[in-house]
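The block underneath contains the structure these notes are about, expressed in structure tokens.
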2 protein chains.
Amino acid sequence: MQTTGVAVIGFGTVGTGVVGLLLEDGDRLAHAAGCRLVLRRVCDVDLDRPRDVSVPADLLTTRAEDCLNDPDVQVIVETVGGTTFAVDLMKQALAAGKHVVTANKAALAERGPELFRAAHAAGRSISFEASCAAGIPIIRAIRDGLIANRISGLTAILNGTCNYILTRMSSTGAAYGDALAEAQAKGYAEADPTLDVSGEDARHKLAILGALAFGTHVDLANVYVEGIRGISPQDITFGAQLGYVLKLLAIGRFQDGGLSLRVHPTFIPAENPLATVTGADNAVLLTGHAVGDTFYEGPGAGRMPTASSIVADLVDVALGRAQLTFQHIAWLAGRSPSVAMQPIAGVRSRTYLRFDVADETGVLAAVAGALGRHDISVASVLQREPTRPDSVPLVITTHEAREGNVADALAEIQNLPFMNCPAVRIRMLDRHHEDAP
Amino acid sequence: MQTTGVAVIGFGTVGTGVVGLLLEDGDRLAHAAGCRLVLRRVCDVDLDRPRDVSVPADLLTTRAEDCLNDPDVQVIVETVGGTTFAVDLMKQALAAGKHVVTANKAALAERGPELFRAAHAAGRSISFEASCAAGIPIIRAIRDGLIANRISGLTAILNGTCNYILTRMSSTGAAYGDALAEAQAKGYAEADPTLDVSGEDARHKLAILGALAFGTHVDLANVYVEGIRGISPQDITFGAQLGYVLKLLAIGRFQDGGLSLRVHPTFIPAENPLATVTGADNAVLLTGHAVGDTFYEGPGAGRMPTASSIVADLVDVALGRAQLTFQHIAWLAGRSPSVAMQPIAGVRSRTYLRFDVADETGVLAAVAGALGRHDISVASVLQREPTRPDSVPLVITTHEAREGNVADALAEIQNLPFMNCPAVRIRMLDRHHEDAP
């Protein structure tokens, strides 16, 4: 049986999972896959930290060169992370004739084409199933399983931390800060949660999945992002009363001749399959012209789900499939054209608006008038009898309208005398299926 | 760009979809996949039937030999169906040096190993993503994406016709016959629905997915099946009152050292993701030791979803990946061992029982006593005040119990004087997650 030598660089959470699978499941895996993955090296700057897996001492090294220069290593697993050292390391590995398997979404989203060029120059491949939605084999689904389709829509929950926080806020009424603290206590959020709660992590993943799904090069600067900081429990409550659930969604759509890619908090109808995705799960809903809608859900983070996808990629390399994929599939081969992007101001969507207003005559007329002047049609209004005359929440949902018009209308409304503070704006996914035009 | 010649044999519903994708999306597909699929031949015994796609006359033939003998054809798409002529045809194609792509679940479930041997003897491959769950790339997910996992559980809705009928019975209270007639009117069920409603179609698919997921050869005779004929709306109603939804499930589990594979109507908790799968959709829930639970949903039948998966397989063949997969992955390569099977009598599950009894003193005690003597513990009882003294429904759900014990208890209860007719027995999926031991 053919053997493939593997070096794991980065012996942290995910690296430990990969090492564990290779050491503990090697025989079963070799039988299932018809090829043997042999762990040759494990590299980390800190080898003293206690870990759950025991590695033969002669495999351990603190020097990446030991992996890169080992002729018995055919593939490097990069689990260091980040967009500087890790990218240099991957390039060195490729130049040294090694294939690369990585979960590094930031490096791929920011410097993917550069890495792909380095791989082609070296005649090697980069595989990254674990970079998006961890254990869900969503890269394979889009890249291989649905290749016959023109994908018109991708709607996804790609950050488990945010989904956990929003799920807790929905189910317990907790404030954002309390839900975040709970997520941190349970290990679902980092001590510094910025990358997750800013939406940046989901943005990286959308850039990768969007490039594959829509067959285009994606410049990260063209992916709009808003995070979940500042989400108020009262908006989640109002949304629920209207039949909507709040999620941080990553959305890709062809609309009005352009591709829009955006990450933002979104109210989705309770009957949408994404509304049922709770806790730290990830999920992806894809619409293809031949297949229709397909839906994928599973753990979006964590040691073993991520390791599961990395090992799947290692099998792909060992069998020689990863190389064929990397040479041929448009985005990986560097053949994707740039398509016209739809800037956020041009995106049409429904919108939830909450105004904190003084209880005065003419408020509703003034707000509705301003919306109307900007071509924004009101779909529903929710205003309770006031408990405090100086501060009344006025909730309005709109029919589909251009984002730019909504921004202009809000700027106008903001100057009205009864406005206590800036309006809250949350996009809505339509109750009806959003089709490409 | 390399070209791969394709012949489609069987120009029916699915064949028409494949031909349409190849003719209408050829350029886009060639760009996306880095290989060009060229339609060389379309074969059917009846070429006069009107079809939605227009094929150049010189590609059409009524003789399969024209496809098999064409040196410009590298791969045959078999969409004839059935287990006799289609199997002979696939063997001839393989012997003639062609790769085979098929959606023929019956042929694979009944004669898979024989076909695989023929393919290996000819040095060619068989691909069959479209055979299970049509457009959902579930074969790739199990075979490639989750290969690092020991799969302990597979729970799936694999027949869209049955799911449509049960969905309509649940939502409208319709009787089985009326829901079936509606499914037929809408094109979700054949004029002769036997293969679907008997559970046989789902059984074929479970045999295929089970072999891949559990890494074993599956003898179809070891896959237990019960269909949905005779399901009564009143059981669906009682189940709903207890928080359960009725689905025809295909279930694979390692339990007590054996693998059980079974298809039967099953009550599942309303919060299980499979409970939300309505209409003609298919869905698969997989539990792997590394990844945990992943869930897949999409259209389970139909021209274009099936064609979507067939074309994905054609790309795999054109790129050379299908051949590597077929040579190496255990089941396809003929390396799967037979594992110990758990016969249905040995399976442990919860059970819903409905007894139609006369309203007499001691009925509940007699039934509960008989259950207890067979080691079956009662979980809940639902008995309404009688409206007719001669016929009272007594609904009992049990804790987990051996199927064989349940059968023995029911045989004993059947002889009790107050029993009006045989008890209704429907398996339940536990509200708690069913883990492998």
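Chain labels follow the order of the structure tokens: the first chain is A, the next B, and so on; residue numbering restarts at 1 in every chain, and ligands are counted from 1 in their shown order.
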
Nearby residues (only C-alpha atoms) at most 12 Å from A:Ser54, same-chain spacing under 2 positions excluded, as an MDAnalysis selection string: chainID A and resid 11 16:17 19:24 42 47 49:52 56:60

May I have the selected residues written with C-alpha atoms, as a PDB file, in the first residue's frame?
ATOM      1  CA  PHE A  11       0.813  21.599  17.538  1.00  0.00           C
ATOM      2  CA  THR A  16      -3.377  17.956  18.247  1.00  0.00           C
ATOM      3  CA  GLY A  17      -6.595  16.659  16.704  1.00  0.00           C
ATOM      4  CA  VAL A  19      -1.991  14.078  15.192  1.00  0.00           C
ATOM      5  CA  GLY A  20      -4.465  12.116  17.302  1.00  0.00           C
ATOM      6  CA  LEU A  21      -6.420  10.877  14.278  1.00  0.00           C
ATOM      7  CA  LEU A  22      -3.262   9.874  12.412  1.00  0.00           C
ATOM      8  CA  LEU A  23      -1.775   8.021  15.374  1.00  0.00           C
ATOM      9  CA  GLU A  24      -4.912   6.422  16.777  1.00  0.00           C
ATOM     10  CA  VAL A  42       5.241  17.395  14.529  1.00  0.00           C
ATOM     11  CA  LEU A  47       6.822  21.419  22.888  1.00  0.00           C
ATOM     12  CA  ARG A  49       2.883  22.447  26.945  1.00  0.00           C
ATOM     13  CA  PRO A  50       0.812  19.449  28.091  1.00  0.00           C
ATOM     14  CA  ARG A  51      -1.296  17.914  25.314  1.00  0.00           C
ATOM     15  CA  ASP A  52      -3.891  15.152  25.136  1.00  0.00           C
ATOM     16  CA  PRO A  56       6.984   9.602  19.878  1.00  0.00           C
ATOM     17  CA  ALA A  57       9.794  11.959  20.924  1.00  0.00           C
ATOM     18  CA  ASP A  58      11.774  11.512  17.712  1.00  0.00           C
ATOM     19  CA  LEU A  59       8.927  13.017  15.669  1.00  0.00           C
ATOM     20  CA  LEU A  60       8.902  16.258  17.640  1.00  0.00           C
TER      21      LEU A  60
END

8 Å contact set for A:Gly346, only C-alpha atoms, chain neighbours under 3 positions out, as a PyMOL selection string: chain A and resi 342-343+402-404

For the residues in the current selection, export N, CA and C atoms as a PDB file, in the first residue's frame.
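out15.pdb written:
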ATOM      1  N   GLN A 342     -21.559  43.884  -6.851  1.00  0.00           N
ATOM      2  CA  GLN A 342     -22.633  44.801  -6.482  1.00  0.00           C
ATOM      3  C   GLN A 342     -22.239  45.459  -5.158  1.00  0.00           C
ATOM      4  N   PRO A 343     -21.912  46.749  -5.135  1.00  0.00           N
ATOM      5  CA  PRO A 343     -21.549  47.369  -3.856  1.00  0.00           C
ATOM      6  C   PRO A 343     -22.753  47.352  -2.914  1.00  0.00           C
ATOM      7  N   ARG A 402     -33.362  49.537  -2.041  1.00  0.00           N
ATOM      8  CA  ARG A 402     -31.917  49.669  -2.204  1.00  0.00           C
ATOM      9  C   ARG A 402     -31.304  50.132  -0.888  1.00  0.00           C
ATOM     10  N   GLU A 403     -30.178  49.514  -0.521  1.00  0.00           N
ATOM     11  CA  GLU A 403     -29.471  49.887   0.713  1.00  0.00           C
ATOM     12  C   GLU A 403     -29.144  51.375   0.722  1.00  0.00           C
ATOM     13  N   GLY A 404     -28.719  51.884  -0.425  1.00  0.00           N
ATOM     14  CA  GLY A 404     -28.338  53.297  -0.504  1.00  0.00           C
ATOM     15  C   GLY A 404     -29.521  54.197  -0.168  1.00  0.00           C
TER      16      GLY A 404
END

Residue hits in chain B, query chain A, radius 6 Å, only C-alpha atoms, as a PyMOL selection string: chain B and resi 32-34+135+137+145+147-148+290-291+293-298+304-305+308+311-312+321+328-330

d(atom CA of A:Gln184, atom CA of A:Asp235) in Å: 23.1 Å

Within 7 Å of stretch 347-354 of chain B using only C-alpha atoms, minus same-chain residues under 5 positions, as a PyMOL selection string: chain B and resi 342+393-403+423-430

Spatial neighbours of stretch 199-206 of chain A, max dist 6 Å, only C-alpha atoms, sep filter under 6 positions, as a ChimeraX atom specification: /A:105-106,109,132,158-159,226-227

Selected residue, from A:Leu242, A:Ala358, A:Val406, A:Ala122, that lies nearest to A:Val381 when counting only C-alpha atoms: A:Leu242

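Summary of the local environment: counting only C-alpha atoms, residues at most 12 Å from A:Thr194, other than itself and those fewer than 2 positions away along its chain, are Thr161, Cys162, Leu180, Ala189, Glu190, Ala191, Asp192, Asp196, Val197, Ser198, Gly199, Glu200, Asp201, Ala202, Gly227, Ile228 and Arg229 of chain A.
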
Residue list (alpha helix (DSSP H), DSSP) for stretch 154-302 of chain A, as a PyMOL selection string: chain A and resi 160-172+176-185+194-197+200-214+233-241

Selection from above, C-alpha atoms, as a PDB file, in the first residue's frame, can you write it?
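This went into selection-v2.pdb:
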ATOM      1  CA  GLY A 160     -20.171  29.443  15.547  1.00  0.00           C
ATOM      2  CA  THR A 161     -19.232  31.992  18.201  1.00  0.00           C
ATOM      3  CA  CYS A 162     -21.690  34.562  16.873  1.00  0.00           C
ATOM      4  CA  ASN A 163     -24.364  31.936  16.381  1.00  0.00           C
ATOM      5  CA  TYR A 164     -23.915  30.771  19.959  1.00  0.00           C
ATOM      6  CA  ILE A 165     -24.174  34.321  21.294  1.00  0.00           C
ATOM      7  CA  LEU A 166     -27.271  35.141  19.226  1.00  0.00           C
ATOM      8  CA  THR A 167     -28.885  31.813  20.137  1.00  0.00           C
ATOM      9  CA  ARG A 168     -28.404  32.542  23.832  1.00  0.00           C
ATOM     10  CA  MET A 169     -29.669  36.104  23.466  1.00  0.00           C
ATOM     11  CA  SER A 170     -32.771  34.743  21.699  1.00  0.00           C
ATOM     12  CA  SER A 171     -33.491  31.942  24.123  1.00  0.00           C
ATOM     13  CA  THR A 172     -32.693  33.669  27.420  1.00  0.00           C
ATOM     14  CA  TYR A 176     -24.885  40.867  24.312  1.00  0.00           C
ATOM     15  CA  GLY A 177     -22.139  41.239  26.914  1.00  0.00           C
ATOM     16  CA  ASP A 178     -23.568  38.522  29.134  1.00  0.00           C
ATOM     17  CA  ALA A 179     -24.014  36.093  26.228  1.00  0.00           C
ATOM     18  CA  LEU A 180     -20.446  36.792  25.122  1.00  0.00           C
ATOM     19  CA  ALA A 181     -19.145  36.131  28.620  1.00  0.00           C
ATOM     20  CA  GLU A 182     -21.047  32.848  28.682  1.00  0.00           C
ATOM     21  CA  ALA A 183     -19.585  31.886  25.292  1.00  0.00           C
ATOM     22  CA  GLN A 184     -16.118  32.627  26.619  1.00  0.00           C
ATOM     23  CA  ALA A 185     -16.729  30.605  29.762  1.00  0.00           C
ATOM     24  CA  THR A 194     -12.803  40.526  17.983  1.00  0.00           C
ATOM     25  CA  LEU A 195     -12.172  38.366  14.937  1.00  0.00           C
ATOM     26  CA  ASP A 196     -15.440  36.500  15.518  1.00  0.00           C
ATOM     27  CA  VAL A 197     -17.879  39.155  16.735  1.00  0.00           C
ATOM     28  CA  GLU A 200     -14.316  39.224  10.052  1.00  0.00           C
ATOM     29  CA  ASP A 201     -13.963  35.456  10.433  1.00  0.00           C
ATOM     30  CA  ALA A 202     -17.229  34.826   8.577  1.00  0.00           C
ATOM     31  CA  ARG A 203     -16.089  37.350   5.955  1.00  0.00           C
ATOM     32  CA  HIS A 204     -12.926  35.340   5.315  1.00  0.00           C
ATOM     33  CA  LYS A 205     -14.954  32.177   4.886  1.00  0.00           C
ATOM     34  CA  LEU A 206     -17.469  33.873   2.600  1.00  0.00           C
ATOM     35  CA  ALA A 207     -14.618  35.111   0.406  1.00  0.00           C
ATOM     36  CA  ILE A 208     -13.448  31.500   0.002  1.00  0.00           C
ATOM     37  CA  LEU A 209     -16.838  29.860  -0.480  1.00  0.00           C
ATOM     38  CA  GLY A 210     -18.002  32.726  -2.701  1.00  0.00           C
ATOM     39  CA  ALA A 211     -15.002  32.339  -4.998  1.00  0.00           C
ATOM     40  CA  LEU A 212     -15.762  28.636  -5.405  1.00  0.00           C
ATOM     41  CA  ALA A 213     -19.544  28.947  -5.633  1.00  0.00           C
ATOM     42  CA  PHE A 214     -19.701  31.907  -7.998  1.00  0.00           C
ATOM     43  CA  PRO A 233     -32.089  42.024  23.047  1.00  0.00           C
ATOM     44  CA  GLN A 234     -35.117  44.206  22.362  1.00  0.00           C
ATOM     45  CA  ASP A 235     -34.567  43.942  18.609  1.00  0.00           C
ATOM     46  CA  ILE A 236     -34.354  40.158  18.897  1.00  0.00           C
ATOM     47  CA  THR A 237     -37.647  40.284  20.814  1.00  0.00           C
ATOM     48  CA  PHE A 238     -39.375  42.541  18.297  1.00  0.00           C
ATOM     49  CA  GLY A 239     -38.101  40.346  15.449  1.00  0.00           C
ATOM     50  CA  ALA A 240     -39.485  37.256  17.150  1.00  0.00           C
ATOM     51  CA  GLN A 241     -42.883  38.928  17.434  1.00  0.00           C
TER      52      GLN A 241
END

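Here atom CA of A:Leu37 and atom CA of A:Thr102 stand 16.2 Å from one another.
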
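Once A:Val392 and its same-chain neighbours fewer than 2 positions away are set aside, Asp356, Val357, Ala358, Asp359, Pro386, Arg388, Pro389, Asp390 and Leu394 of chain A remain within 7 Å of it when counting only C-alpha atoms.
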
Would you mind exporting C-alpha atoms of the selected residues as a PDB file, in the first residue's frame?
ATOM      1  CA  ASP A 356     -36.372  55.511  19.456  1.00  0.00           C
ATOM      2  CA  VAL A 357     -38.699  58.499  19.334  1.00  0.00           C
ATOM      3  CA  ALA A 358     -40.464  60.948  21.588  1.00  0.00           C
ATOM      4  CA  ASP A 359     -44.229  60.333  21.792  1.00  0.00           C
ATOM      5  CA  PRO A 386     -45.996  54.183  25.252  1.00  0.00           C
ATOM      6  CA  ARG A 388     -42.555  56.520  28.747  1.00  0.00           C
ATOM      7  CA  PRO A 389     -43.536  59.590  26.710  1.00  0.00           C
ATOM      8  CA  ASP A 390     -39.946  60.561  25.971  1.00  0.00           C
ATOM      9  CA  LEU A 394     -41.232  52.465  16.659  1.00  0.00           C
TER      10      LEU A 394
END
